[in-house]
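Q: For reference, the file structure.cif (mmCIF, C-alpha atoms) is included below:
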```cif
data_my_file
loop_
_atom_site.label_atom_id
_atom_site.label_comp_id
_atom_site.auth_asym_id
_atom_site.auth_seq_id
_atom_site.Cartn_x
_atom_site.Cartn_y
_atom_site.Cartn_z
CA MET A 1408 101.76 91.40 76.14
CA LEU A 1409 102.15 89.42 79.34
CA LEU A 1410 101.41 91.05 82.70
CA ILE A 1411 103.57 89.77 85.55
CA PHE A 1412 102.36 90.70 89.03
CA ASP A 1413 104.36 90.56 92.19
CA CYS A 1414 102.19 89.31 95.05
CA ASP A 1415 103.19 90.90 98.38
CA GLY A 1416 102.48 94.63 98.34
CA VAL A 1417 100.90 94.49 94.87
CA LEU A 1418 98.03 92.01 95.09
CA VAL A 1419 97.83 91.68 98.87
CA ASP A 1420 98.73 94.17 101.60
CA SER A 1421 100.98 91.70 103.36
CA GLU A 1422 104.25 93.56 103.87
CA PRO A 1423 103.33 95.37 107.12
CA LEU A 1424 102.20 92.06 108.64
CA SER A 1425 105.25 90.20 107.35
CA CYS A 1426 107.73 92.79 108.57
CA ARG A 1427 106.19 92.80 112.04
CA VAL A 1428 106.31 89.01 112.29
CA ASP A 1429 109.90 88.85 111.01
CA ALA A 1430 110.96 91.49 113.55
CA GLU A 1431 109.13 89.76 116.43
CA VAL A 1432 110.65 86.34 115.71
CA LEU A 1433 114.18 87.63 115.17
CA THR A 1434 114.07 89.87 118.25
CA GLY A 1435 112.83 86.91 120.29
CA LEU A 1436 115.97 85.04 119.19
CA GLY A 1437 118.21 87.85 120.42
CA ILE A 1438 118.72 89.40 116.97
CA PRO A 1439 116.86 92.68 117.44
CA TYR A 1440 115.09 94.24 114.47
CA THR A 1441 112.22 96.66 114.15
CA ALA A 1442 109.51 96.21 111.54
CA ASP A 1443 110.76 99.38 109.83
CA GLU A 1444 114.29 97.99 109.62
CA ILE A 1445 112.99 94.78 108.06
CA ALA A 1446 110.93 96.80 105.59
CA GLY A 1447 113.86 98.97 104.60
CA ALA A 1448 116.27 96.10 104.08
CA PHE A 1449 114.28 93.08 102.97
CA VAL A 1450 111.00 93.92 101.24
CA GLY A 1451 111.01 92.09 97.91
CA VAL A 1452 113.84 89.77 98.95
CA SER A 1453 113.29 86.02 99.32
CA GLN A 1454 113.20 84.56 102.81
CA LYS A 1455 116.25 82.43 102.05
CA ASP A 1456 118.25 85.48 100.97
CA MET A 1457 117.04 87.50 103.97
CA ILE A 1458 118.25 84.85 106.39
CA ALA A 1459 121.62 84.57 104.63
CA ARG A 1460 122.10 88.34 104.71
CA ILE A 1461 121.19 88.61 108.39
CA GLU A 1462 123.68 85.87 109.27
CA ALA A 1463 126.40 87.63 107.27
CA GLU A 1464 125.66 91.14 108.54
CA ARG A 1465 125.11 90.21 112.20
CA GLY A 1466 127.79 87.54 112.33
CA CYS A 1467 125.39 84.98 113.74
CA ARG A 1468 124.02 81.54 113.02
CA LEU A 1469 120.22 81.45 112.94
CA PRO A 1470 118.21 78.31 113.78
CA GLU A 1471 117.80 75.81 110.97
CA ASP A 1472 114.03 75.97 111.38
CA LEU A 1473 113.79 79.77 111.38
CA ALA A 1474 111.86 79.88 108.11
CA GLU A 1475 109.33 77.40 109.50
CA ARG A 1476 108.96 79.43 112.72
CA ILE A 1477 108.36 82.64 110.80
CA ASN A 1478 105.94 81.00 108.40
CA ARG A 1479 103.87 79.43 111.17
CA ALA A 1480 103.43 82.78 112.88
CA LEU A 1481 102.87 84.65 109.63
CA PHE A 1482 100.39 82.23 108.11
CA ALA A 1483 98.27 82.38 111.26
CA ARG A 1484 98.29 86.19 111.03
CA PHE A 1485 97.36 86.04 107.35
CA GLU A 1486 94.31 83.87 108.06
CA THR A 1487 92.83 86.57 110.27
CA ASP A 1488 94.31 89.89 109.14
CA LEU A 1489 95.44 89.79 105.50
CA LYS A 1490 93.55 92.03 103.08
CA PRO A 1491 93.79 92.51 99.31
CA ILE A 1492 95.12 95.75 97.92
CA PRO A 1493 92.05 98.00 97.46
CA CYS A 1494 90.36 97.66 94.04
CA VAL A 1495 92.92 95.10 92.83
CA ARG A 1496 90.39 92.53 91.65
CA ASP A 1497 88.47 94.99 89.48
CA ALA A 1498 91.72 96.46 88.15
CA ILE A 1499 92.98 93.04 87.04
CA LEU A 1500 89.68 92.02 85.47
CA ALA A 1501 89.64 95.26 83.46
CA LEU A 1502 92.92 94.36 81.72
CA PRO A 1503 92.61 92.21 78.58
CA TYR A 1504 96.03 90.59 78.79
CA PRO A 1505 97.34 87.19 79.91
CA ARG A 1506 98.76 87.36 83.41
CA CYS A 1507 100.73 85.49 86.03
CA VAL A 1508 102.26 85.97 89.47
CA ALA A 1509 106.04 85.96 90.11
CA SER A 1510 106.82 86.34 93.80
CA SER A 1511 109.82 86.06 96.10
CA SER A 1512 107.63 84.21 98.60
CA VAL A 1513 107.44 80.43 98.97
CA PRO A 1514 104.58 78.71 97.11
CA GLU A 1515 102.63 77.99 100.31
CA ARG A 1516 102.62 81.66 101.27
CA ILE A 1517 101.55 82.78 97.79
CA ALA A 1518 98.72 80.27 97.70
CA LEU A 1519 97.52 81.25 101.17
CA SER A 1520 97.69 84.96 100.32
CA LEU A 1521 95.63 84.56 97.18
CA ARG A 1522 93.12 82.26 98.87
CA VAL A 1523 92.32 84.37 101.93
CA THR A 1524 92.00 87.54 99.85
CA GLY A 1525 89.74 85.94 97.23
CA LEU A 1526 92.16 86.39 94.33
CA ALA A 1527 93.18 82.78 93.66
CA ASP A 1528 90.77 82.35 90.76
CA LEU A 1529 92.43 85.19 88.84
CA PHE A 1530 95.77 83.43 88.41
CA ALA A 1531 96.20 80.06 86.75
CA HIS A 1532 99.99 80.52 86.65
CA VAL A 1533 102.02 81.32 89.77
CA PHE A 1534 105.83 81.29 90.00
CA SER A 1535 107.98 81.42 93.14
CA ALA A 1536 111.61 82.35 93.73
CA VAL A 1537 112.22 78.80 95.00
CA GLU A 1538 112.08 77.71 91.34
CA VAL A 1539 115.20 79.66 90.31
CA PRO A 1540 118.83 79.85 91.47
CA ARG A 1541 118.77 83.54 92.40
CA GLY A 1542 115.98 85.67 93.82
CA LYS A 1543 115.26 89.33 93.14
CA PRO A 1544 117.07 91.66 92.37
CA ALA A 1545 118.51 89.06 89.98
CA PRO A 1546 116.37 88.66 86.84
CA ASP A 1547 116.00 84.88 87.13
CA LEU A 1548 112.41 84.71 88.40
CA PHE A 1549 110.97 87.07 85.80
CA LEU A 1550 112.85 85.38 82.98
CA HIS A 1551 111.59 82.02 84.24
CA ALA A 1552 108.00 83.26 84.33
CA ALA A 1553 108.21 84.72 80.83
CA SER A 1554 109.75 81.56 79.43
CA ARG A 1555 107.14 79.31 81.02
CA MET A 1556 104.35 81.57 79.72
CA GLY A 1557 105.85 81.66 76.19
CA TYR A 1558 106.82 85.35 76.01
CA GLN A 1559 110.00 87.27 75.28
CA PRO A 1560 111.16 89.76 77.95
CA ALA A 1561 110.35 92.74 75.72
CA GLU A 1562 106.74 91.51 75.58
CA CYS A 1563 106.35 91.58 79.37
CA LEU A 1564 105.16 94.27 81.75
CA VAL A 1565 105.84 93.82 85.46
CA VAL A 1566 103.89 95.41 88.33
CA GLU A 1567 106.18 95.71 91.36
CA ASP A 1568 106.27 97.52 94.69
CA SER A 1569 109.84 96.81 95.80
CA LEU A 1570 113.20 98.16 94.75
CA ALA A 1571 114.54 94.63 94.40
CA GLY A 1572 111.59 93.71 92.18
CA VAL A 1573 111.99 96.73 89.93
CA GLN A 1574 115.70 96.07 89.60
CA ALA A 1575 115.01 92.42 88.77
CA ALA A 1576 112.50 93.32 86.07
CA ARG A 1577 114.82 95.87 84.50
CA ALA A 1578 117.71 93.39 84.58
CA ALA A 1579 115.42 90.96 82.75
CA GLY A 1580 114.80 93.53 80.01
CA MET A 1581 111.17 94.16 80.99
CA ARG A 1582 109.16 97.32 81.49
CA VAL A 1583 107.94 98.03 85.00
CA ILE A 1584 105.03 99.81 86.63
CA GLY A 1585 105.96 100.77 90.18
CA PHE A 1586 103.14 100.46 92.71
CA THR A 1587 103.04 102.48 95.94
CA GLY A 1588 99.61 101.59 97.33
CA GLY A 1589 100.78 99.05 99.91
CA GLY A 1590 100.74 99.82 103.60
CA HIS A 1591 104.53 99.71 103.79
CA CYS A 1592 105.12 102.45 101.18
CA GLY A 1593 106.15 105.86 102.49
CA PRO A 1594 105.94 109.22 100.69
CA GLU A 1595 109.36 108.84 99.04
CA HIS A 1596 108.82 105.31 97.81
CA GLY A 1597 107.59 106.27 94.35
CA ALA A 1598 110.71 108.33 93.66
CA ARG A 1599 112.90 105.43 94.74
CA LEU A 1600 111.05 103.06 92.41
CA GLN A 1601 111.57 105.47 89.52
CA GLN A 1602 115.26 105.75 90.34
CA ALA A 1603 115.46 101.95 90.30
CA GLY A 1604 113.98 101.89 86.79
CA ALA A 1605 110.19 101.96 86.99
CA THR A 1606 108.77 103.56 83.85
CA VAL A 1607 105.57 104.70 85.57
CA VAL A 1608 104.51 104.81 89.22
CA VAL A 1609 100.91 104.49 90.40
CA GLY A 1610 99.53 104.75 93.90
CA ARG A 1611 96.11 103.19 93.33
CA MET A 1612 95.08 100.04 91.53
CA ALA A 1613 92.21 102.01 90.05
CA ASP A 1614 94.81 103.90 88.00
CA LEU A 1615 96.58 100.82 86.67
CA SER A 1616 94.86 100.62 83.29
CA THR A 1617 95.35 104.31 82.49
CA SER A 1618 99.05 104.07 83.38
CA PHE A 1619 99.56 101.93 80.25
CA GLU A 1620 99.21 105.10 78.17
CA ARG A 1621 102.41 106.47 79.72
CA ILE A 1622 104.61 103.41 79.16
#
```
So, in terms of structure tokens, how does the structure I just supplied come out?
A:
Amino acid sequence: MLLIFDCDGVLVDSEPLSCRVDAEVLTGLGIPYTADEIAGAFVGVSQKDMIARIEAERGCRLPEDLAERINRALFARFETDLKPIPCVRDAILALPYPRCVASSSVPERIALSLRVTGLADLFAHVFSAVEVPRGKPAPDLFLHAASRMGYQPAECLVVEDSLAGVQAARAAGMRVIGFTGGGHCGPEHGARLQQAGATVVVGRMADLSTSFERI
């Protein structure tokens, strides 16, 4: 069995920071968003797809360098404020399966996230949505990761915190553990992940290994 981990909100508690930065930059450009609105609409979605959706929904044209502006602000915040999900390192090391990361984020953000939280040594294989035509909720990224790792979809188990990620994994024919331990997850989030197709939902990384018994 191959374990495929999302990064943001699963390995690192980055989503609250990311949503705040996105909202600050967009509001500064005259496209007002709150962090909660960003969280509700775009958690789990690639930056490219987020920008395209905002332009379509708001009827605007965003600056060509918007992604670079957001990343500069966000990466600086990550260097000082980003933390790993509690107990995630021990939880991963307790699992005797091959593993990889498949994230909607750009490679530079994934690498930074893993480095500053001390998790980089756990993952020799990291895949980004920039490597596939369609981001989550399309299945492309998970299918790409499985293929590169030499596994069939039915042999893969995905750990995801976002609705888009759960939908992508299910569309790829993979089983999913929904994770609700990130700082952006409200009390109803677990139920939404189950409705999207998560087989099991856990709220603490310490419970990850025991959740395998319920899959």
Q: Translate the PyMOL selection byres ((chain A and resi 1467-1473) around 12) into a concrete residue list for this structure, as a list in words.
A: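 Applying the expression gives Val1428, Asp1429, Val1432, Leu1433, Thr1434, Gly1435, Leu1436, Gly1437, Ile1438, Gln1454, Lys1455, Met1457, Ile1458, Ala1459, Arg1460, Ile1461, Glu1462, Ala1463, Glu1464, Arg1465, Gly1466, Ala1474, Glu1475, Arg1476, Ile1477, Asn1478, Arg1479 and Ala1480 of chain A.
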Q: Which residue is closest to Phe1534 (chain A)? Choose from A:Leu1519, A:Ala1561, A:Ala1552, A:Ala1501 and count all atoms listed in the file.
A: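 Between A:Leu1519, A:Ala1561, A:Ala1552, A:Ala1501, the residue approaching Phe1534 (chain A) most closely is A:Ala1552.
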Q: Quick one: everything within 9 Å of region 1409-1418 of chain A, counting all atoms listed in the file, minus sequence neighbours fewer than 4 positions away in the same chain. Send it as a PyMOL selection string.
A: chain A and resi 1422-1423+1450-1451+1491-1493+1495-1496+1504-1512+1517+1520-1521+1524+1526+1549+1552-1553+1556+1558+1562-1569+1572+1586-1592+1612
Q: List the neighbours of Gly1542 (chain A) out to 9 Å using all atoms listed in the file; skip same-chain residues closer than 2 positions along the sequence, and give me the result as a list in words.
A: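 Counting only the stated atoms, we get Val1452, Ser1453, Lys1455, Asp1456, Ser1511, Ala1536, Val1537, Val1539, Pro1540, Pro1544, Ala1545, Pro1546, Asp1547, Leu1548 and Ala1575 of chain A.
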Q: Report, in Å with one decimal, the straight-line distance from CA of Ala1498 (chain A) to CA of Val1609 (chain A).
A: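 Separation between CA of Ala1498 (chain A) and CA of Val1609 (chain A): 12.4 Å.
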Q: Between A:Arg1522, A:Lys1543, A:Ile1584, A:Gln1602, which one has atoms that come closest to Asp1614 (chain A), using all atoms listed in the file?
A: A:Ile1584
Q: Distance CA of Gly1604 (chain A)-CA of Val1583 (chain A), one decimal place?
A: 7.4 Å
Q: Just want the 10 Å neighbourhood of Cys1426 (chain A), counted on all atoms listed in the file, with same-chain residues fewer than 2 positions away dropped. Output as JSON, numbers by chain.
A: {"A": [1421, 1422, 1423, 1424, 1428, 1429, 1430, 1431, 1440, 1441, 1442, 1443, 1444, 1445, 1446, 1447, 1449, 1450, 1481, 1591]}
Q: By how many Å are CA of Ala1603 (chain A) and CA of Ser1535 (chain A) apart?
A: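 Computing the Euclidean distance for CA of Ala1603 (chain A) and CA of Ser1535 (chain A) yields 22.0 Å.
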Q: Which one is closest to Gly1525 (chain A): A:Ile1622, A:Ala1448, A:Val1513, A:Leu1489? Count all atoms listed in the file.
A: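 Among the listed residues, A:Leu1489 lies closest to Gly1525 (chain A).
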